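Coordinates as given in entry-v3.cif (mmCIF, C-alpha atoms and all ligand atoms):
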```
data_run
#
loop_
_atom_site.label_atom_id
_atom_site.label_comp_id
_atom_site.auth_asym_id
_atom_site.auth_seq_id
_atom_site.Cartn_x
_atom_site.Cartn_y
_atom_site.Cartn_z
CA MET A 3 -41.70 -11.46 37.20
CA SER A 4 -42.75 -15.11 36.88
CA ASN A 5 -40.08 -17.66 35.98
CA LYS A 6 -42.39 -20.20 34.41
CA LEU A 7 -42.34 -21.15 30.73
CA SER A 8 -46.07 -20.36 30.41
CA TYR A 9 -45.32 -16.74 31.33
CA TYR A 10 -42.80 -16.33 28.51
CA GLN A 11 -45.08 -18.12 26.02
CA GLU A 12 -47.81 -15.55 26.71
CA GLU A 13 -45.31 -12.70 26.20
CA LEU A 14 -44.67 -13.62 22.55
CA ASN A 15 -46.87 -11.63 20.24
CA SER A 16 -46.83 -13.39 16.89
CA ASP A 17 -47.49 -16.97 15.76
CA ALA A 18 -44.26 -16.97 13.76
CA ILE A 19 -42.19 -16.06 16.85
CA LYS A 20 -44.11 -18.59 18.96
CA ASP A 21 -43.16 -21.32 16.45
CA GLU A 22 -39.54 -20.17 16.48
CA PHE A 23 -39.59 -20.16 20.30
CA ILE A 24 -40.71 -23.79 20.38
CA PHE A 25 -37.99 -24.72 17.87
CA TYR A 26 -35.44 -22.83 20.02
CA LEU A 27 -36.56 -24.55 23.22
CA LYS A 28 -36.10 -27.94 21.56
CA GLU A 29 -32.79 -27.17 19.83
CA LYS A 30 -31.04 -25.03 22.44
CA LEU A 31 -32.54 -26.13 25.76
CA LEU A 32 -33.34 -29.69 24.61
CA PHE A 33 -36.91 -29.39 25.91
CA SER A 34 -39.35 -32.18 25.09
CA ASP A 35 -42.99 -31.70 24.07
CA LYS A 36 -43.85 -32.64 27.67
CA ASP A 37 -41.61 -29.84 29.01
CA ILE A 38 -43.24 -27.35 26.63
CA TYR A 39 -46.91 -28.30 26.74
CA VAL A 40 -47.53 -30.30 29.94
CA ASP A 41 -44.98 -29.04 32.49
CA LYS A 42 -45.05 -25.42 31.34
CA ASP A 43 -45.81 -24.19 34.87
CA ARG A 44 -42.75 -25.69 36.50
CA GLU A 45 -40.12 -23.27 37.80
CA LEU A 46 -37.31 -22.68 35.28
CA ASN A 47 -33.74 -22.77 36.55
CA LYS A 48 -31.45 -19.72 36.15
CA GLU A 49 -29.69 -20.98 33.02
CA GLU A 50 -33.00 -21.75 31.30
CA GLN A 51 -34.31 -18.31 32.20
CA ASN A 52 -31.19 -16.61 30.82
CA LEU A 53 -31.35 -18.49 27.52
CA ILE A 54 -35.04 -17.70 27.14
CA LYS A 55 -34.50 -14.01 27.92
CA GLU A 56 -31.67 -13.93 25.38
CA PHE A 57 -34.00 -15.37 22.72
CA ILE A 58 -36.71 -12.81 23.52
CA ASP A 59 -34.29 -9.86 23.50
CA LYS A 60 -32.79 -10.89 20.17
CA LYS A 61 -36.21 -11.44 18.60
CA LYS A 62 -37.21 -7.93 19.75
CA GLU A 63 -34.25 -6.63 17.71
CA GLY A 64 -35.38 -8.76 14.75
CA VAL A 65 -32.37 -11.11 14.78
CA PRO A 66 -33.05 -14.17 12.57
CA LEU A 67 -33.40 -17.47 14.47
CA ASP A 68 -30.49 -19.07 12.57
CA TYR A 69 -28.12 -16.43 13.96
CA ILE A 70 -29.49 -16.95 17.48
CA LEU A 71 -28.90 -20.70 17.17
CA ASN A 72 -25.66 -20.26 15.16
CA SER A 73 -26.93 -22.97 12.89
CA THR A 74 -28.82 -23.47 9.66
CA LYS A 75 -29.74 -26.44 7.48
CA PHE A 76 -28.51 -26.44 3.89
CA TYR A 77 -28.63 -29.40 1.54
CA GLU A 78 -29.35 -31.71 4.51
CA LYS A 79 -26.30 -30.60 6.52
CA ASP A 80 -25.98 -28.32 9.53
CA PHE A 81 -23.90 -25.21 8.80
CA TYR A 82 -22.55 -22.85 11.44
CA VAL A 83 -23.67 -19.26 10.74
CA ASP A 84 -23.28 -15.92 12.46
CA SER A 85 -23.68 -12.29 11.43
CA ARG A 86 -20.42 -12.42 9.40
CA VAL A 87 -22.19 -14.37 6.63
CA LEU A 88 -25.47 -14.49 4.74
CA ILE A 89 -27.88 -17.14 5.99
CA PRO A 90 -28.05 -19.65 3.11
CA ARG A 91 -31.42 -19.60 1.34
CA PRO A 92 -33.41 -22.65 0.26
CA GLU A 93 -33.45 -21.56 -3.43
CA THR A 94 -29.66 -21.77 -3.53
CA GLU A 95 -30.07 -25.55 -3.07
CA ILE A 96 -31.54 -25.59 -6.61
CA LEU A 97 -28.17 -24.48 -7.95
CA VAL A 98 -26.33 -27.16 -5.94
CA ASP A 99 -28.81 -29.81 -7.04
CA TYR A 100 -28.32 -28.93 -10.69
CA VAL A 101 -24.53 -29.25 -10.37
CA ASN A 102 -24.81 -32.58 -8.56
CA ASN A 103 -27.11 -33.96 -11.28
CA HIS A 104 -25.09 -32.69 -14.27
CA SER A 105 -21.49 -33.28 -13.28
CA SER A 106 -18.67 -35.30 -14.73
CA PRO A 107 -15.79 -36.67 -12.62
CA SER A 108 -12.74 -34.71 -11.43
CA MET A 109 -14.01 -31.22 -12.20
CA LYS A 110 -12.28 -28.11 -10.89
CA VAL A 111 -14.99 -25.94 -9.38
CA LEU A 112 -14.99 -22.44 -7.88
CA ASP A 113 -17.68 -21.16 -5.52
CA ALA A 114 -17.04 -17.41 -5.79
CA GLY A 115 -18.33 -15.41 -2.79
CA THR A 116 -18.57 -18.55 -0.70
CA GLY A 117 -19.85 -16.90 2.53
CA SER A 118 -20.61 -19.78 4.93
CA GLY A 119 -19.21 -22.16 2.30
CA CYS A 120 -22.64 -23.72 1.84
CA ILE A 121 -22.53 -24.07 -1.98
CA GLY A 122 -18.95 -25.23 -2.38
CA ILE A 123 -19.02 -27.59 0.59
CA SER A 124 -22.31 -29.18 -0.52
CA ILE A 125 -20.88 -29.77 -4.02
CA ALA A 126 -17.58 -31.08 -2.61
CA LEU A 127 -19.33 -33.52 -0.27
CA LYS A 128 -21.43 -35.05 -3.06
CA ASN A 129 -18.53 -35.19 -5.54
CA PRO A 130 -15.39 -36.49 -3.82
CA SER A 131 -13.45 -36.53 -7.12
CA PHE A 132 -13.94 -32.75 -7.54
CA GLN A 133 -11.43 -30.16 -6.45
CA VAL A 134 -13.60 -27.35 -5.09
CA TYR A 135 -12.44 -23.86 -4.10
CA GLY A 136 -14.43 -21.35 -2.08
CA SER A 137 -13.34 -17.73 -2.43
CA ASP A 138 -14.43 -14.57 -0.68
CA TYR A 139 -13.28 -11.01 -0.33
CA SER A 140 -14.37 -10.97 3.32
CA GLU A 141 -11.87 -12.58 5.71
CA ASP A 142 -14.67 -12.81 8.26
CA ALA A 143 -16.71 -14.92 5.86
CA LEU A 144 -13.70 -17.13 5.12
CA ASN A 145 -13.32 -17.80 8.85
CA VAL A 146 -16.93 -18.98 9.01
CA ALA A 147 -16.46 -21.16 5.91
CA LEU A 148 -13.40 -22.70 7.58
CA ILE A 149 -15.49 -23.65 10.63
CA ASN A 150 -17.92 -25.43 8.27
CA LYS A 151 -15.15 -27.12 6.27
CA ASN A 152 -13.74 -28.51 9.55
CA ASN A 153 -17.11 -29.41 11.12
CA LEU A 154 -18.19 -31.29 8.01
CA ASN A 155 -14.76 -32.88 7.32
CA VAL A 156 -14.48 -31.75 3.71
CA ASP A 157 -11.05 -32.63 2.30
CA ASN A 158 -11.67 -31.52 -1.31
CA PHE A 159 -12.68 -27.93 -0.47
CA SER A 160 -10.05 -25.17 -0.16
CA LEU A 161 -10.53 -21.55 0.83
CA VAL A 162 -9.00 -18.63 -1.03
CA HIS A 163 -9.01 -14.92 -0.23
CA ALA A 164 -9.79 -13.17 -3.53
CA ASP A 165 -11.55 -10.21 -5.08
CA TRP A 166 -13.92 -12.11 -7.38
CA LEU A 167 -11.89 -14.01 -10.00
CA SER A 168 -8.88 -11.72 -10.25
CA SER A 169 -6.29 -13.99 -8.62
CA PHE A 170 -6.95 -17.34 -10.30
CA LYS A 171 -4.99 -19.07 -13.07
CA LYS A 172 -6.18 -18.61 -16.65
CA ALA A 173 -8.42 -21.31 -18.14
CA TYR A 174 -8.34 -23.29 -14.87
CA PHE A 175 -11.95 -24.04 -13.90
CA ASP A 176 -14.51 -26.40 -15.42
CA LEU A 177 -17.27 -24.74 -13.45
CA ILE A 178 -17.80 -21.48 -11.57
CA VAL A 179 -20.84 -21.17 -9.32
CA THR A 180 -21.80 -18.04 -7.46
CA ASN A 181 -24.54 -16.40 -5.49
CA PRO A 182 -23.22 -12.82 -5.61
CA PRO A 183 -24.68 -9.69 -4.04
CA TYR A 184 -27.41 -8.47 -6.41
CA ILE A 185 -29.68 -6.10 -4.49
CA ALA A 186 -29.73 -2.42 -5.50
CA ASP A 187 -28.73 -0.09 -2.65
CA GLN A 188 -32.15 1.60 -2.50
CA ASP A 189 -34.15 -1.66 -2.53
CA SER A 190 -36.87 -1.73 0.14
CA HIS A 191 -36.17 -5.44 0.90
CA LEU A 192 -32.94 -4.35 2.63
CA GLU A 193 -34.93 -3.11 5.63
CA ASN A 194 -35.80 -6.75 6.48
CA LEU A 195 -32.21 -7.91 5.96
CA LYS A 196 -30.46 -5.46 8.27
CA HIS A 197 -28.84 -8.17 10.42
CA GLU A 198 -27.07 -9.75 7.43
CA PRO A 199 -23.78 -8.33 6.09
CA ASN A 200 -24.23 -5.54 3.59
CA GLN A 201 -21.33 -6.71 1.41
CA ALA A 202 -23.18 -10.01 0.91
CA LEU A 203 -26.32 -8.29 -0.34
CA VAL A 204 -25.78 -4.99 -2.11
CA ALA A 205 -24.21 -4.37 -5.51
CA ASN A 206 -23.84 -1.13 -7.47
CA ASP A 207 -25.24 -0.53 -10.96
CA ASN A 208 -28.78 -1.28 -9.82
CA GLY A 209 -27.68 -4.62 -8.32
CA LEU A 210 -25.85 -5.81 -11.45
CA GLY A 211 -22.32 -4.50 -10.76
CA ASP A 212 -20.84 -7.69 -9.26
CA ILE A 213 -22.66 -9.93 -11.75
CA LYS A 214 -21.09 -8.01 -14.66
CA LEU A 215 -17.61 -8.27 -13.11
CA ILE A 216 -17.97 -12.01 -12.46
CA VAL A 217 -19.23 -12.81 -15.97
CA GLU A 218 -16.46 -10.74 -17.58
CA GLN A 219 -13.71 -12.16 -15.36
CA SER A 220 -14.97 -15.73 -15.75
CA THR A 221 -14.00 -15.66 -19.44
CA GLU A 222 -10.36 -15.51 -18.26
CA VAL A 223 -10.44 -18.33 -15.72
CA LEU A 224 -12.93 -20.78 -17.25
CA LYS A 225 -11.69 -23.47 -19.62
CA SER A 226 -13.20 -23.37 -23.08
CA GLY A 227 -16.42 -25.38 -22.74
CA GLY A 228 -16.56 -24.57 -19.00
CA MET A 229 -19.74 -23.44 -17.33
CA LEU A 230 -20.76 -20.41 -15.28
CA MET A 231 -23.78 -20.65 -13.03
CA LEU A 232 -25.08 -17.62 -11.22
CA GLU A 233 -27.96 -16.86 -8.85
CA HIS A 234 -29.67 -13.47 -9.29
CA GLY A 235 -32.82 -11.52 -8.53
CA TYR A 236 -36.04 -12.66 -10.17
CA GLN A 237 -36.33 -9.41 -12.12
CA GLN A 238 -32.77 -9.56 -13.48
CA GLN A 239 -33.09 -12.57 -15.80
CA GLU A 240 -33.18 -10.67 -19.08
CA GLU A 241 -30.28 -8.38 -18.20
CA VAL A 242 -28.19 -11.29 -16.90
CA GLU A 243 -28.87 -13.28 -20.06
CA ASN A 244 -27.67 -10.32 -22.15
CA ILE A 245 -24.50 -10.03 -20.04
CA PHE A 246 -23.82 -13.76 -20.65
CA LYS A 247 -24.44 -13.38 -24.41
CA SER A 248 -22.16 -10.38 -24.78
CA ASN A 249 -19.33 -12.32 -23.06
CA HIS A 250 -19.32 -15.34 -25.44
CA PHE A 251 -21.55 -17.67 -23.45
CA ILE A 252 -23.79 -20.08 -25.35
CA ASP A 253 -26.48 -22.65 -24.40
CA ILE A 254 -27.86 -20.24 -21.82
CA ILE A 255 -30.46 -21.77 -19.52
CA ASN A 256 -32.52 -20.29 -16.72
CA LEU A 257 -33.73 -22.21 -13.67
CA LYS A 258 -36.76 -21.16 -11.64
CA ASP A 259 -37.08 -21.07 -7.86
CA PHE A 260 -39.81 -22.73 -5.76
CA GLN A 261 -42.22 -19.90 -6.67
CA GLU A 262 -41.56 -20.43 -10.39
CA LEU A 263 -39.54 -17.20 -10.62
CA PRO A 264 -36.38 -17.05 -12.77
CA ARG A 265 -33.45 -17.12 -10.33
CA ILE A 266 -30.43 -18.94 -11.73
CA THR A 267 -28.73 -18.45 -15.11
CA LEU A 268 -26.11 -20.77 -16.53
CA GLY A 269 -24.17 -20.84 -19.74
CA THR A 270 -21.21 -22.49 -21.45
CA PHE A 271 -18.10 -20.50 -22.32
CA GLU A 272 -17.36 -20.99 -26.04
C1 LIG B 301 -25.06 -13.38 -1.36
S1 LIG B 301 -23.61 -13.80 -0.42
C2 LIG B 301 -23.51 -15.53 -0.81
C3 LIG B 301 -22.93 -16.39 0.28
C4 LIG B 301 -23.07 -17.88 0.02
N1 LIG B 301 -22.41 -18.26 -1.21
C5 LIG B 301 -24.54 -18.28 -0.05
O1 LIG B 301 -25.04 -18.58 -1.12
O2 LIG B 301 -25.19 -18.27 1.00
C6 LIG B 301 -22.33 -13.05 -1.40
C7 LIG B 301 -20.91 -13.30 -0.92
O3 LIG B 301 -20.02 -12.62 -1.83
C8 LIG B 301 -18.96 -12.06 -1.08
N2 LIG B 301 -18.36 -10.94 -1.84
C9 LIG B 301 -18.81 -9.68 -1.98
N3 LIG B 301 -17.97 -8.95 -2.75
C10 LIG B 301 -16.96 -9.79 -3.13
C11 LIG B 301 -15.81 -9.64 -3.95
N4 LIG B 301 -15.49 -8.46 -4.51
N5 LIG B 301 -15.02 -10.71 -4.14
C12 LIG B 301 -15.31 -11.90 -3.56
N6 LIG B 301 -16.42 -12.12 -2.76
C13 LIG B 301 -17.22 -11.07 -2.55
C14 LIG B 301 -19.61 -11.61 0.22
O4 LIG B 301 -18.64 -11.44 1.24
C15 LIG B 301 -20.59 -12.77 0.47
O5 LIG B 301 -19.99 -13.77 1.26
#
```

What does the file become when written as structure tokens?
Amino acid sequence: MSNKLSYYQEELNSDAIKDEFIFYLKEKLLFSDKDIYVDKDRELNKEEQNLIKEFIDKKKEGVPLDYILNSTKFYEKDFYVDSRVLIPRPETEILVDYVNNHSSPSMKVLDAGTGSGCIGISIALKNPSFQVYGSDYSEDALNVALINKNNLNVDNFSLVHADWLSSFKKAYFDLIVTNPPYIADQDSHLENLKHEPNQALVANDNGLGDIKLIVEQSTEVLKSGGMLMLEHGYQQQEEVENIFKSNHFIDIINLKDFQELPRITLGTFE
């Protein structure tokens, strides 16, 4: 078997994986364009070969690049990720952006189901006067969020182990944000998400079970006039809006994602 970069480049069978390979070579092996395109027939050393073989093996299993690199970009920051947490999605930045553009000072905010901590940490970093909490049921996820809290030096972000909103003080929060699991257990999209944790993705009641619990429980822990903001599937808007209405939320707004699909619902608790 050849140990030249050109050999491995020819092995890769899709343009998408070729692009990811180039990104990986630059990020992980610190290769320059010259290394990749001009000197591609030089002999690779053992460590380079091992890292390249590891990339190829993991891509054969369908592992997402962010897990291979243990890193993802969210709201302009690098977050550590591994298979204990969902890889943050670009559309979730829309939720963070909305909060950052519609906030008032010193708010108490909860990011329920914080996963990597991406939502809560991004809000905390932009709003130093806020007291932000990130909660999760999964201790594994909380350990990943702690890595990100420490890496990004976020003082106003605290982690809490909790089953949704059950262990928080009554009428405590000004704002609750959440990107809960919302995929139905028979959904065909799950086949492409098999490397991400099931408890981050799947909810009972046709994907609405956790959303219903969060909306109901939020009426206990939100202050009157507080806001709940929730990401959901693009086909769930109408049902989510009805759940908000039947739990005394008013001024309900929906935000669309980058494909103009309804993905985030927010409302004010009366
Ligand atoms: C879709 S992921 C969102 C992760 C992260 N907030 C993001 O946007 O990338 C849902 C998160 O909810 C957490 N979760 C699931 N059931 C929960 C429960 N009963 N109580 C608290 N968190 C829960 C999962 O562990 C997971 O981290």

Q | Of the listed residues A:Lys55, A:Arg265, A:Lys214, A:Arg91, that which approaches Ser248 (chain A) most closely, counting all atoms listed in the file | A |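 Looking at the shortest contact to Ser248 (chain A), the residue is A:Lys214.
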
Q | Contacts of Ser168 (chain A) within 10 Å, all atoms listed in the file, excl. fewer than 5 positions in-chain, as an MDAnalysis selection string | A | chainID A and resid 215:216 219:220 222:223

Considering all atoms listed in the file, tabulate each residue of chain A that lies at most 7 Å from ligand LIG 301 (chain B) along with its nearest interatomic pair and the corresponding distance in Å to one decimal; arrange the rows by chain and ascending residue number and present them as a Markdown table.
```
| residue | atom | partner | partner_atom | distance |
| --- | --- | --- | --- | --- |
| A:Val87 | CA | B:LIG301 | O5 | 5.8 |
| A:Leu88 | CA | B:LIG301 | O2 | 5.3 |
| A:Ile89 | CA | B:LIG301 | O2 | 5.8 |
| A:Pro90 | CA | B:LIG301 | O2 | 3.8 |
| A:Arg91 | CA | B:LIG301 | O2 | 6.4 |
| A:Thr94 | CA | B:LIG301 | O1 | 6.1 |
| A:Ala114 | CA | B:LIG301 | N6 | 6.1 |
| A:Gly115 | CA | B:LIG301 | O3 | 3.4 |
| A:Thr116 | CA | B:LIG301 | N1 | 3.9 |
| A:Gly117 | CA | B:LIG301 | O5 | 3.4 |
| A:Ser118 | CA | B:LIG301 | C4 | 5.8 |
| A:Gly119 | CA | B:LIG301 | N1 | 6.1 |
| A:Cys120 | CA | B:LIG301 | C5 | 6.1 |
| A:Ile121 | CA | B:LIG301 | N1 | 5.9 |
| A:Ser137 | CA | B:LIG301 | C12 | 6.3 |
| A:Asp138 | CA | B:LIG301 | N6 | 3.8 |
| A:Tyr139 | CA | B:LIG301 | C12 | 3.9 |
| A:Ser140 | CA | B:LIG301 | O4 | 4.8 |
| A:Ala143 | CA | B:LIG301 | O5 | 5.8 |
| A:Ala164 | CA | B:LIG301 | C12 | 5.7 |
| A:Asp165 | CA | B:LIG301 | N5 | 3.6 |
| A:Trp166 | CA | B:LIG301 | N5 | 3.7 |
| A:Thr180 | CA | B:LIG301 | N1 | 6.3 |
| A:Asn181 | CA | B:LIG301 | C2 | 4.9 |
| A:Pro182 | CA | B:LIG301 | C6 | 4.3 |
| A:Pro183 | CA | B:LIG301 | C1 | 4.6 |
| A:Gln201 | CA | B:LIG301 | C9 | 5.2 |
| A:Ala202 | CA | B:LIG301 | C15 | 3.8 |
| A:Leu203 | CA | B:LIG301 | C1 | 5.3 |
```

Write out, as a PDB file, in the coordinates of the input, the residues just selected, with C-alpha atoms.
```
ATOM      1  CA  VAL A  87     -22.190 -14.370   6.630  1.00  0.00           C
ATOM      2  CA  LEU A  88     -25.470 -14.490   4.740  1.00  0.00           C
ATOM      3  CA  ILE A  89     -27.880 -17.140   5.990  1.00  0.00           C
ATOM      4  CA  PRO A  90     -28.050 -19.650   3.110  1.00  0.00           C
ATOM      5  CA  ARG A  91     -31.420 -19.600   1.340  1.00  0.00           C
ATOM      6  CA  THR A  94     -29.660 -21.770  -3.530  1.00  0.00           C
ATOM      7  CA  ALA A 114     -17.040 -17.410  -5.790  1.00  0.00           C
ATOM      8  CA  GLY A 115     -18.330 -15.410  -2.790  1.00  0.00           C
ATOM      9  CA  THR A 116     -18.570 -18.550  -0.700  1.00  0.00           C
ATOM     10  CA  GLY A 117     -19.850 -16.900   2.530  1.00  0.00           C
ATOM     11  CA  SER A 118     -20.610 -19.780   4.930  1.00  0.00           C
ATOM     12  CA  GLY A 119     -19.210 -22.160   2.300  1.00  0.00           C
ATOM     13  CA  CYS A 120     -22.640 -23.720   1.840  1.00  0.00           C
ATOM     14  CA  ILE A 121     -22.530 -24.070  -1.980  1.00  0.00           C
ATOM     15  CA  SER A 137     -13.340 -17.730  -2.430  1.00  0.00           C
ATOM     16  CA  ASP A 138     -14.430 -14.570  -0.680  1.00  0.00           C
ATOM     17  CA  TYR A 139     -13.280 -11.010  -0.330  1.00  0.00           C
ATOM     18  CA  SER A 140     -14.370 -10.970   3.320  1.00  0.00           C
ATOM     19  CA  ALA A 143     -16.710 -14.920   5.860  1.00  0.00           C
ATOM     20  CA  ALA A 164      -9.790 -13.170  -3.530  1.00  0.00           C
ATOM     21  CA  ASP A 165     -11.550 -10.210  -5.080  1.00  0.00           C
ATOM     22  CA  TRP A 166     -13.920 -12.110  -7.380  1.00  0.00           C
ATOM     23  CA  THR A 180     -21.800 -18.040  -7.460  1.00  0.00           C
ATOM     24  CA  ASN A 181     -24.540 -16.400  -5.490  1.00  0.00           C
ATOM     25  CA  PRO A 182     -23.220 -12.820  -5.610  1.00  0.00           C
ATOM     26  CA  PRO A 183     -24.680  -9.690  -4.040  1.00  0.00           C
ATOM     27  CA  GLN A 201     -21.330  -6.710   1.410  1.00  0.00           C
ATOM     28  CA  ALA A 202     -23.180 -10.010   0.910  1.00  0.00           C
ATOM     29  CA  LEU A 203     -26.320  -8.290  -0.340  1.00  0.00           C
TER      30      LEU A 203
END
```

Q) Nearest to Phe57 (chain A) among A:Asp35, A:Glu262, A:Asp41, A:Glu22, with distances taken over only C-alpha atoms: which residue is it? A)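 Using only C-alpha atoms, Phe57 (chain A) sits closest to A:Glu22.
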
(Q) List as a ChimeraX atom specification the protein and nucleic acid residues near Phe33 (chain A), meaning an atom at most 12 Å away when all atoms listed in the file are counted, but skip any in the same chain fewer than 3 places from it. (A) /A:7,23-30,36-42,46,50,54

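Relative to CA of Arg44 (chain A), CA of Asp68 (chain A) is found at 27.7 Å.
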
Q | Long-range neighbours of Asp187 (chain A) as JSON, numbers by chain, 9 Å cut-off, all atoms listed in the file, 2 positions minimum in chain | A | {"A": [185, 189, 190, 192, 203, 204, 205, 206, 208, 209]}

Write a file of the just-selected residues containing C-alpha atoms, as a compact mmCIF listing (two decimals), keeping the file's coordinate frame.
```
# COMPACT_ATOMS: atom_id res chain seq x y z
CA ILE A 185 -29.68 -6.10 -4.49
CA ASP A 189 -34.15 -1.66 -2.53
CA SER A 190 -36.87 -1.73 0.14
CA LEU A 192 -32.94 -4.35 2.63
CA LEU A 203 -26.32 -8.29 -0.34
CA VAL A 204 -25.78 -4.99 -2.11
CA ALA A 205 -24.21 -4.37 -5.51
CA ASN A 206 -23.84 -1.13 -7.47
CA ASN A 208 -28.78 -1.28 -9.82
CA GLY A 209 -27.68 -4.62 -8.32
```

Q.
So that I can see what lies close to Glu93 (chain A), please list as a PyMOL selection string the residues with an atom at most 9 Å from it, counting all atoms listed in the file and leaving out residues fewer than 5 positions away in the same chain.
A. chain A and resi 258-260+265

Q | Proximity to Leu177 (chain A) - best of A:Leu195, A:Val146, A:Leu112, A:Val162, all atoms listed in the file | A |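 Looking at the shortest contact to Leu177 (chain A), the residue is A:Leu112.
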
Q: Give the answer as one residue: which of A:Asn153, A:Glu49, A:Ile96, A:Phe132 has the shortest atom-to-atom distance to Glu233 (chain A), using all atoms listed in the file?
A: A:Ile96

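Take CA of Lys128 (chain A) and CA of Leu97 (chain A): the distance between them is 13.5 Å.
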
Q: Just give me the gap between CA of Val65 (chain A) and CA of Ser34 (chain A) in Å, one decimal is fine.
A: 24.5 Å

Q. Closest to Ala147 (chain A) among A:Ser106, A:Ser169, A:Ser160, A:Asn244, using only C-alpha atoms?
A.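 Among A:Ser106, A:Ser169, A:Ser160, A:Asn244, it is A:Ser160 that comes nearest to Ala147 (chain A).
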
Q. Looking at all atoms listed in the file, which of A:Asn145, A:Gln133, A:Asn249, A:Gln239 is the one that sits closest to Tyr184 (chain A)?
A.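 Ranking A:Asn145, A:Gln133, A:Asn249, A:Gln239 by distance to Tyr184 (chain A), first place goes to A:Gln239.
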
Q: Within 12 Å of Met109 (chain A), counting all atoms listed in the file, which residues show up once you throw out same-chain ones fewer than 4 positions away? Write them as a list of chain:residue names, please.
A: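 Answer for this query is A:Val101, A:Asn102, A:His104, A:Ser105, A:Ile125, A:Ala126, A:Asn129, A:Pro130, A:Ser131, A:Phe132, A:Gln133, A:Val134, A:Tyr135, A:Asn158, A:Tyr174, A:Phe175, A:Asp176, A:Leu177, A:Ile178, A:Leu224, A:Lys225, A:Gly228, A:Met229.
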